[in-house]
Structures are given as C-alpha cells and as structure tokens.
$ cat structure.tsv   # TSV, C-alpha atoms
chain	number	residue	atom	x	y	z
F	1	MET	CA	-20.15	0.66	18.09
F	2	LYS	CA	-17.83	-1.45	15.99
F	3	VAL	CA	-14.87	-3.26	17.56
F	4	LEU	CA	-12.30	-5.37	15.74
F	5	ILE	CA	-10.45	-8.02	17.74
F	6	GLY	CA	-7.28	-9.68	16.48
F	7	THR	CA	-8.45	-13.28	16.88
F	8	ASN	CA	-11.18	-15.67	15.82
F	9	ASN	CA	-10.99	-17.58	19.11
F	10	PRO	CA	-14.65	-17.78	20.25
F	11	GLY	CA	-13.76	-17.57	23.96
F	12	LYS	CA	-11.71	-14.41	23.50
F	13	VAL	CA	-14.31	-12.78	21.23
F	14	LYS	CA	-17.11	-13.54	23.71
F	15	GLY	CA	-15.09	-12.27	26.70
F	16	ALA	CA	-14.22	-9.03	24.88
F	17	LYS	CA	-17.86	-8.48	23.92
F	18	GLN	CA	-18.94	-8.96	27.53
F	19	ALA	CA	-16.37	-6.36	28.67
F	20	PHE	CA	-17.39	-3.72	26.14
F	21	GLU	CA	-21.09	-4.28	26.89
F	22	CYS	CA	-20.41	-3.28	30.51
F	23	PHE	CA	-19.82	0.28	29.29
F	24	TYR	CA	-21.23	0.68	25.77
F	25	LYS	CA	-24.50	-0.05	23.97
F	26	ASP	CA	-24.95	-1.76	20.62
F	27	VAL	CA	-21.51	-3.34	20.57
F	28	GLU	CA	-20.56	-5.37	17.50
F	29	ILE	CA	-17.30	-7.31	17.72
F	30	PHE	CA	-15.69	-8.79	14.65
F	31	GLY	CA	-12.85	-11.27	14.91
F	32	VAL	CA	-10.01	-11.14	12.42
F	33	SER	CA	-7.14	-13.59	12.68
F	34	VAL	CA	-3.89	-11.60	12.73
F	35	ASN	CA	-0.39	-12.58	13.77
F	36	SER	CA	0.98	-11.82	17.22
F	37	ASN	CA	4.60	-11.99	15.99
F	38	VAL	CA	5.62	-13.77	19.22
F	39	SER	CA	6.12	-17.40	20.28
F	40	ASP	CA	3.18	-19.81	20.23
F	41	GLU	CA	3.40	-19.71	24.02
F	42	PRO	CA	4.44	-16.16	24.88
F	43	VAL	CA	6.80	-15.85	27.85
F	44	ASN	CA	7.08	-12.75	30.07
F	45	ASP	CA	7.39	-9.56	27.98
F	46	GLU	CA	6.17	-11.39	24.87
F	47	ILE	CA	2.67	-11.44	26.37
F	48	TYR	CA	2.20	-7.66	26.20
F	49	ALA	CA	4.14	-7.48	22.92
F	50	GLY	CA	1.87	-10.11	21.37
F	51	ALA	CA	-1.33	-8.31	22.36
F	52	ARG	CA	0.04	-4.99	21.07
F	53	ASN	CA	1.28	-6.59	17.84
F	54	ARG	CA	-2.19	-8.04	17.26
F	55	VAL	CA	-3.70	-4.55	17.59
F	56	ASN	CA	-1.16	-2.99	15.23
F	57	ASN	CA	-1.54	-5.82	12.69
F	58	LEU	CA	-5.31	-5.42	12.96
F	59	ILE	CA	-5.06	-1.69	12.25
F	60	LYS	CA	-2.87	-2.47	9.22
F	61	TYR	CA	-5.45	-5.04	8.06
F	62	ALA	CA	-8.28	-2.52	8.49
F	63	LYS	CA	-6.44	0.14	6.45
F	64	GLU	CA	-5.58	-2.31	3.66
F	65	ASN	CA	-9.18	-3.56	3.50
F	66	ASN	CA	-10.92	-0.21	4.04
F	67	VAL	CA	-12.57	-1.38	7.26
F	68	ASP	CA	-13.66	1.23	9.81
F	69	SER	CA	-13.78	0.56	13.54
F	70	ASP	CA	-14.19	2.50	16.78
F	71	PHE	CA	-11.75	0.25	18.65
F	72	PHE	CA	-8.99	-2.19	17.70
F	73	ILE	CA	-8.27	-4.76	20.38
F	74	GLY	CA	-5.94	-7.65	21.02
F	75	VAL	CA	-5.41	-10.10	23.82
F	76	GLU	CA	-2.56	-12.49	24.46
F	77	SER	CA	-2.29	-15.21	27.04
F	78	GLY	CA	1.10	-16.41	28.17
F	79	ILE	CA	3.29	-17.73	30.93
F	80	THR	CA	5.29	-15.50	33.23
F	81	ASN	CA	7.49	-15.73	36.28
F	82	LYS	CA	7.61	-11.94	36.77
F	83	PHE	CA	5.91	-12.36	40.16
F	84	GLY	CA	8.40	-14.92	41.46
F	85	LYS	CA	6.29	-17.97	40.56
F	86	TRP	CA	5.13	-19.26	37.19
F	87	CYS	CA	1.59	-18.33	36.19
F	88	ILE	CA	-0.64	-17.84	33.17
F	89	ILE	CA	-1.97	-14.32	32.57
F	90	GLN	CA	-3.82	-12.49	29.83
F	91	ILE	CA	-2.92	-9.01	28.66
F	92	ALA	CA	-5.42	-6.95	26.68
F	93	VAL	CA	-4.48	-3.94	24.54
F	94	ILE	CA	-6.99	-1.45	23.14
F	95	LYS	CA	-6.50	1.39	20.66
F	96	ASP	CA	-9.30	3.70	19.68
F	97	LYS	CA	-9.66	5.09	16.17
F	98	SER	CA	-7.70	8.21	17.15
F	99	GLY	CA	-4.74	6.03	18.24
F	100	TYR	CA	-5.02	6.31	22.02
F	101	GLU	CA	-3.79	3.07	23.59
F	102	SER	CA	-4.49	1.40	26.92
F	103	PHE	CA	-3.82	-2.04	28.34
F	104	GLY	CA	-5.02	-4.25	31.16
F	105	ALA	CA	-4.32	-7.62	32.71
F	106	GLY	CA	-6.69	-10.33	33.78
F	107	PRO	CA	-6.45	-12.68	36.74
F	108	ALA	CA	-3.44	-14.99	36.79
F	109	PHE	CA	-3.39	-18.63	37.82
F	110	PRO	CA	-0.42	-20.70	38.99
F	111	VAL	CA	1.43	-23.25	36.88
F	112	PRO	CA	3.14	-26.16	38.65
F	113	ASP	CA	6.87	-26.23	37.90
F	114	LYS	CA	6.54	-29.74	36.43
F	115	TYR	CA	4.59	-28.32	33.43
F	116	VAL	CA	6.52	-25.10	32.77
F	117	GLU	CA	9.10	-26.46	30.28
F	118	GLU	CA	6.49	-28.34	28.27
F	119	ILE	CA	4.16	-25.32	28.16
F	120	ILE	CA	6.97	-23.04	26.96
F	121	SER	CA	8.13	-25.53	24.31
F	122	THR	CA	4.60	-26.19	22.95
F	123	ASP	CA	1.73	-24.15	24.37
F	124	LEU	CA	-0.65	-24.23	27.31
F	125	GLY	CA	-3.55	-25.55	25.23
F	126	LYS	CA	-1.66	-28.65	24.12
F	127	VAL	CA	-0.48	-29.40	27.65
F	128	MET	CA	-3.98	-28.91	29.07
F	129	ASP	CA	-5.48	-31.14	26.36
F	130	LYS	CA	-2.98	-33.85	27.32
F	131	ILE	CA	-3.52	-33.52	31.08
F	132	PHE	CA	-7.32	-33.53	30.85
F	133	CYS	CA	-7.57	-35.94	27.86
F	134	LYS	CA	-9.58	-33.37	25.95
F	135	ASP	CA	-9.25	-31.73	22.54
F	136	ALA	CA	-9.02	-28.01	21.77
F	137	LEU	CA	-9.44	-26.67	25.30
F	138	LYS	CA	-7.91	-23.41	24.07
F	139	ASN	CA	-11.18	-22.70	22.26
F	140	GLY	CA	-14.44	-22.09	24.08
F	141	LYS	CA	-14.27	-22.09	27.88
F	142	GLY	CA	-10.54	-22.87	27.95
F	143	GLY	CA	-8.46	-25.04	30.23
F	144	ILE	CA	-9.10	-22.72	33.17
F	145	ALA	CA	-12.68	-24.03	33.20
F	146	PHE	CA	-11.32	-27.50	34.01
F	147	LEU	CA	-8.92	-26.19	36.64
F	148	THR	CA	-11.70	-24.24	38.40
F	149	ARG	CA	-14.46	-26.77	37.75
F	150	ASP	CA	-16.32	-24.23	35.60
F	151	VAL	CA	-16.22	-21.45	38.21
F	152	VAL	CA	-13.95	-19.37	35.93
F	153	THR	CA	-13.75	-19.66	32.15
F	154	ARG	CA	-11.63	-18.13	29.38
F	155	TYR	CA	-14.54	-15.70	28.86
F	156	ASP	CA	-14.07	-14.45	32.43
F	157	LEU	CA	-10.28	-14.05	32.14
F	158	THR	CA	-10.61	-12.20	28.84
F	159	ARG	CA	-13.51	-10.03	30.04
F	160	GLU	CA	-11.58	-8.92	33.13
F	161	ALA	CA	-8.44	-8.07	31.13
F	162	PHE	CA	-10.48	-5.92	28.73
F	163	ILE	CA	-12.42	-4.25	31.55
F	164	MET	CA	-9.07	-3.21	33.08
F	165	ALA	CA	-7.90	-1.88	29.69
F	166	LEU	CA	-11.15	0.06	29.27
F	167	THR	CA	-10.63	2.05	32.50
F	168	GLU	CA	-8.74	4.76	30.61
F	169	PHE	CA	-11.47	5.04	27.98
F	170	VAL	CA	-14.52	5.08	30.24
F	171	ASN	CA	-13.00	7.57	32.72
F	172	GLY	CA	-11.61	9.98	30.16
F	173	ASP	CA	-9.06	12.56	31.30
F	174	ILE	CA	-9.49	11.64	34.96
F	175	TRP	CA	-7.65	8.33	34.44
F	176	ARG	CA	-5.32	8.77	31.47
F	177	ASP	CA	-2.06	10.47	30.55
$ encode --input "structure.tsv" --output "structure tokens"
Amino acid sequence: MKVLIGTNNPGKVKGAKQAFECFYKDVEIFGVSVNSNVSDEPVNDEIYAGARNRVNNLIKYAKENNVDSDFFIGVESGITNKFGKWCIIQIAVIKDKSGYESFGAGPAFPVPDKYVEEIISTDLGKVMDKIFCKDALKNGKGGIAFLTRDVVTRYDLTREAFIMALTEFVNGDIWRD
C-alpha cells in the first residue's frame, strides 16, 4: 500500500506509518513537502484547514507528477482555545484514491497563558526551543517529549490522530456517512 503524506517532518512521517501499520500490511509512506496555506502556527479552525489543504495540495502534486497512491494524508498541529483553555492539538485528514475523506484528532496538551501570544506570533517549535535551550524540537520526537519526559512523543500524537482518522476506513459502511 502506498501512502503520500504532505510533509517531510520525520516525526509526522513515522507517526503516520505506525498508525497505518496498525491496520494494513506492506505500508510505504512517502513524504512530500506541500503548503498548508495557513499561518505558521495555526490557530483554531486553521488547524483542520491546514491538514485538509495539505491533502488537497498533495493530490494536486500527485496529478501533476503522475504519482499514484492509495491514500493522501495530511496532519497539522496548532493552538486552540475551543475547549475553554489553550492547548496544542493535531488534526489528521485522510483521503483515499476514490476521494472519500475522514479526519481525526490526537491528544491535546495544555499551554500556559504566558506562552500563548508568543506561540501564535511565531510557532510552538521556536518557543519550545527557547524554553528548553534546544534546537529543532519540532523535528523528531518534538517538544512534547520534553514536556512528558519522553513518555509521549510527536510520533505518538501523530499516530493517534491518524488512527482516529482511519476509523472510517477500517470499519467501512458501519462507521461512515
């Protein structure tokens, strides 16, 4: 099975592969950097829009480059206060080659109010790098690994978001419109 993901971020690619391997055999995932067409740090509705835009831009890329795939997937992490408090959440969007679309969300983690403005004006990765005196936390295990002392990584957050999005595919007509 061939899956195209709209990013080259190693943590997101690995997490997506882990999710698909829960349900499918012989999964190959290929990362392609495509634009999300949203802010560098997506806020609220931009999170879903960014993931969906990545999928649609990936499909456009595949058509233009004559690339075939069973699934086109995108994931976007962002900050939201939709639940009454600020948190970081990942949204995954999946379209199969026939155009059926599903989405899912991963676990969210809280953001202290003192960092919200800076995260929105730059991005979470830059703020986390500054707080933890590290470089490029947004790649690999991600900043969440530092916050949870390696109990949860970016791979885990991404995997869970894609597993939730896959529920409509792996359950067929029982769990889809």
$ closest_residue --input "structure.tsv" --among "F:Asn81, F:Val34, F:Asn9, F:Leu124" --to "Gly143 in chain F" --atoms "only C-alpha atoms"
F:Leu124
$ atom_distance --input "structure.tsv" --atom1 "CA of Gly50 in chain F" --atom2 "CA of Ser77 in chain F"
8.7 Å
$ closest_residue --input "structure.tsv" --among "F:Asp129, F:Glu117, F:Glu160, F:Asp68" --to "Ala105 in chain F" --atoms "only C-alpha atoms"
F:Glu160
$ closest_residue --input "structure.tsv" --among "F:Pro10, F:Lys97, F:Gly172, F:Phe30" --to "Lys63 in chain F" --atoms "all atoms listed in the file"
F:Lys97
$ closest_residue --input "structure.tsv" --among "F:Val27, F:Ala19, F:Cys133, F:Val13" --to "Met1 in chain F" --atoms "only C-alpha atoms"
F:Val27
$ atom_distance --input "structure.tsv" --atom1 "CA of Phe72 in chain F" --atom2 "CA of Val152 in chain F"
25.5 Å
$ closest_residue --input "structure.tsv" --among "F:Asn65, F:Asp156, F:Lys14, F:Gly106" --to "Cys87 in chain F" --atoms "only C-alpha atoms"
F:Gly106
$ closest_residue --input "structure.tsv" --among "F:Ser102, F:Asn35, F:Asn44, F:Thr80" --to "Tyr61 in chain F" --atoms "all atoms listed in the file"
F:Asn35
$ atom_distance --input "structure.tsv" --atom1 "CA of Val55 in chain F" --atom2 "CA of Thr153 in chain F"
23.3 Å
$ residues_around --input "structure.tsv" --residues "Gly31 in chain F" --least-positions-apart "5" --cutoff "10 Å" --atoms "all atoms listed in the file" --output "ChimeraX atom specification"
/F:3-10,12-13,58,73-74
$ residues_around --input "structure.tsv" --residues "Pro112 in chain F" --least-positions-apart "3" --cutoff "8 Å" --atoms "only C-alpha atoms" --output "ChimeraX atom specification"
/F:86,115-116
$ closest_atom_pairs --input "structure.tsv" --of "range 3-49 of chain F" --to "range 118-123 of chain F" --cutoff "10 Å" --atoms "all atoms listed in the file" --output "Markdown table"
| residue | atom | partner | partner_atom | distance |
| --- | --- | --- | --- | --- |
| F:Ser39 | CA | F:Ile120 | CA | 8.8 |
| F:Asp40 | CA | F:Asp123 | CA | 6.2 |
| F:Glu41 | CA | F:Asp123 | CA | 4.8 |
| F:Pro42 | CA | F:Ile120 | CA | 7.6 |
| F:Val43 | CA | F:Ile120 | CA | 7.2 |
$ residues_around --input "structure.tsv" --residues "Ser98 in chain F" --least-positions-apart "3" --cutoff "10 Å" --atoms "all atoms listed in the file" --output "ChimeraX atom specification"
/F:70-71,95,101
$ build_atoms --input "structure.tsv" --residues "range 42-73 of chain F" --atoms "N, CA and C atoms" --output "PDB file, keeping the file's coordinate frame"
ATOM      1  N   PRO F  42       3.671 -17.340  24.483  1.00  0.00           N
ATOM      2  CA  PRO F  42       4.440 -16.160  24.880  1.00  0.00           C
ATOM      3  C   PRO F  42       4.934 -16.260  26.322  1.00  0.00           C
ATOM      4  N   VAL F  43       6.169 -15.811  26.527  1.00  0.00           N
ATOM      5  CA  VAL F  43       6.800 -15.850  27.850  1.00  0.00           C
ATOM      6  C   VAL F  43       7.144 -14.413  28.255  1.00  0.00           C
ATOM      7  N   ASN F  44       6.755 -14.048  29.469  1.00  0.00           N
ATOM      8  CA  ASN F  44       7.080 -12.750  30.070  1.00  0.00           C
ATOM      9  C   ASN F  44       6.717 -11.577  29.170  1.00  0.00           C
ATOM     10  N   ASP F  45       7.683 -10.773  28.738  1.00  0.00           N
ATOM     11  CA  ASP F  45       7.390  -9.560  27.980  1.00  0.00           C
ATOM     12  C   ASP F  45       6.712  -9.818  26.636  1.00  0.00           C
ATOM     13  N   GLU F  46       6.838 -11.041  26.129  1.00  0.00           N
ATOM     14  CA  GLU F  46       6.170 -11.390  24.870  1.00  0.00           C
ATOM     15  C   GLU F  46       4.648 -11.312  24.994  1.00  0.00           C
ATOM     16  N   ILE F  47       4.121 -11.439  26.192  1.00  0.00           N
ATOM     17  CA  ILE F  47       2.670 -11.440  26.370  1.00  0.00           C
ATOM     18  C   ILE F  47       2.105 -10.076  25.979  1.00  0.00           C
ATOM     19  N   TYR F  48       2.642  -9.013  26.572  1.00  0.00           N
ATOM     20  CA  TYR F  48       2.200  -7.660  26.200  1.00  0.00           C
ATOM     21  C   TYR F  48       2.521  -7.370  24.741  1.00  0.00           C
ATOM     22  N   ALA F  49       3.734  -7.730  24.306  1.00  0.00           N
ATOM     23  CA  ALA F  49       4.140  -7.480  22.920  1.00  0.00           C
ATOM     24  C   ALA F  49       3.179  -8.161  21.942  1.00  0.00           C
ATOM     25  N   GLY F  50       2.781  -9.384  22.252  1.00  0.00           N
ATOM     26  CA  GLY F  50       1.870 -10.110  21.370  1.00  0.00           C
ATOM     27  C   GLY F  50       0.510  -9.444  21.257  1.00  0.00           C
ATOM     28  N   ALA F  51      -0.032  -8.993  22.381  1.00  0.00           N
ATOM     29  CA  ALA F  51      -1.330  -8.310  22.360  1.00  0.00           C
ATOM     30  C   ALA F  51      -1.229  -7.009  21.554  1.00  0.00           C
ATOM     31  N   ARG F  52      -0.158  -6.269  21.792  1.00  0.00           N
ATOM     32  CA  ARG F  52       0.040  -4.990  21.070  1.00  0.00           C
ATOM     33  C   ARG F  52       0.273  -5.240  19.579  1.00  0.00           C
ATOM     34  N   ASN F  53       1.054  -6.259  19.243  1.00  0.00           N
ATOM     35  CA  ASN F  53       1.280  -6.590  17.840  1.00  0.00           C
ATOM     36  C   ASN F  53      -0.029  -6.968  17.148  1.00  0.00           C
ATOM     37  N   ARG F  54      -0.891  -7.684  17.838  1.00  0.00           N
ATOM     38  CA  ARG F  54      -2.190  -8.040  17.260  1.00  0.00           C
ATOM     39  C   ARG F  54      -2.983  -6.772  16.919  1.00  0.00           C
ATOM     40  N   VAL F  55      -2.975  -5.809  17.839  1.00  0.00           N
ATOM     41  CA  VAL F  55      -3.700  -4.550  17.590  1.00  0.00           C
ATOM     42  C   VAL F  55      -3.108  -3.841  16.385  1.00  0.00           C
ATOM     43  N   ASN F  56      -1.795  -3.700  16.341  1.00  0.00           N
ATOM     44  CA  ASN F  56      -1.160  -2.990  15.230  1.00  0.00           C
ATOM     45  C   ASN F  56      -1.347  -3.718  13.903  1.00  0.00           C
ATOM     46  N   ASN F  57      -1.279  -5.049  13.913  1.00  0.00           N
ATOM     47  CA  ASN F  57      -1.540  -5.820  12.690  1.00  0.00           C
ATOM     48  C   ASN F  57      -2.996  -5.717  12.271  1.00  0.00           C
ATOM     49  N   LEU F  58      -3.886  -5.598  13.242  1.00  0.00           N
ATOM     50  CA  LEU F  58      -5.310  -5.420  12.960  1.00  0.00           C
ATOM     51  C   LEU F  58      -5.567  -4.058  12.315  1.00  0.00           C
ATOM     52  N   ILE F  59      -4.923  -3.029  12.832  1.00  0.00           N
ATOM     53  CA  ILE F  59      -5.060  -1.690  12.250  1.00  0.00           C
ATOM     54  C   ILE F  59      -4.544  -1.695  10.815  1.00  0.00           C
ATOM     55  N   LYS F  60      -3.420  -2.343  10.576  1.00  0.00           N
ATOM     56  CA  LYS F  60      -2.870  -2.470   9.220  1.00  0.00           C
ATOM     57  C   LYS F  60      -3.874  -3.189   8.314  1.00  0.00           C
ATOM     58  N   TYR F  61      -4.446  -4.291   8.812  1.00  0.00           N
ATOM     59  CA  TYR F  61      -5.450  -5.040   8.060  1.00  0.00           C
ATOM     60  C   TYR F  61      -6.643  -4.140   7.712  1.00  0.00           C
ATOM     61  N   ALA F  62      -7.117  -3.383   8.696  1.00  0.00           N
ATOM     62  CA  ALA F  62      -8.280  -2.520   8.490  1.00  0.00           C
ATOM     63  C   ALA F  62      -7.996  -1.462   7.424  1.00  0.00           C
ATOM     64  N   LYS F  63      -6.809  -0.870   7.454  1.00  0.00           N
ATOM     65  CA  LYS F  63      -6.440   0.140   6.450  1.00  0.00           C
ATOM     66  C   LYS F  63      -6.374  -0.469   5.056  1.00  0.00           C
ATOM     67  N   GLU F  64      -5.738  -1.634   4.956  1.00  0.00           N
ATOM     68  CA  GLU F  64      -5.580  -2.310   3.660  1.00  0.00           C
ATOM     69  C   GLU F  64      -6.911  -2.765   3.084  1.00  0.00           C
ATOM     70  N   ASN F  65      -7.893  -3.043   3.955  1.00  0.00           N
ATOM     71  CA  ASN F  65      -9.180  -3.560   3.500  1.00  0.00           C
ATOM     72  C   ASN F  65     -10.310  -2.545   3.652  1.00  0.00           C
ATOM     73  N   ASN F  66      -9.945  -1.297   3.929  1.00  0.00           N
ATOM     74  CA  ASN F  66     -10.920  -0.210   4.040  1.00  0.00           C
ATOM     75  C   ASN F  66     -12.034  -0.540   5.036  1.00  0.00           C
ATOM     76  N   VAL F  67     -11.630  -1.012   6.201  1.00  0.00           N
ATOM     77  CA  VAL F  67     -12.570  -1.380   7.260  1.00  0.00           C
ATOM     78  C   VAL F  67     -12.483  -0.323   8.358  1.00  0.00           C
ATOM     79  N   ASP F  68     -13.616   0.222   8.755  1.00  0.00           N
ATOM     80  CA  ASP F  68     -13.660   1.230   9.810  1.00  0.00           C
ATOM     81  C   ASP F  68     -14.038   0.568  11.128  1.00  0.00           C
ATOM     82  N   SER F  69     -13.483   1.096  12.220  1.00  0.00           N
ATOM     83  CA  SER F  69     -13.780   0.560  13.540  1.00  0.00           C
ATOM     84  C   SER F  69     -13.587   1.645  14.589  1.00  0.00           C
ATOM     85  N   ASP F  70     -14.363   1.570  15.664  1.00  0.00           N
ATOM     86  CA  ASP F  70     -14.190   2.500  16.780  1.00  0.00           C
ATOM     87  C   ASP F  70     -13.024   2.093  17.662  1.00  0.00           C
ATOM     88  N   PHE F  71     -12.832   0.777  17.828  1.00  0.00           N
ATOM     89  CA  PHE F  71     -11.750   0.250  18.650  1.00  0.00           C
ATOM     90  C   PHE F  71     -11.087  -0.931  17.940  1.00  0.00           C
ATOM     91  N   PHE F  72      -9.778  -1.060  18.170  1.00  0.00           N
ATOM     92  CA  PHE F  72      -8.990  -2.190  17.700  1.00  0.00           C
ATOM     93  C   PHE F  72      -8.415  -2.829  18.953  1.00  0.00           C
ATOM     94  N   ILE F  73      -8.652  -4.124  19.121  1.00  0.00           N
ATOM     95  CA  ILE F  73      -8.270  -4.760  20.380  1.00  0.00           C
ATOM     96  C   ILE F  73      -7.543  -6.073  20.145  1.00  0.00           C
TER      97      ILE F  73
END
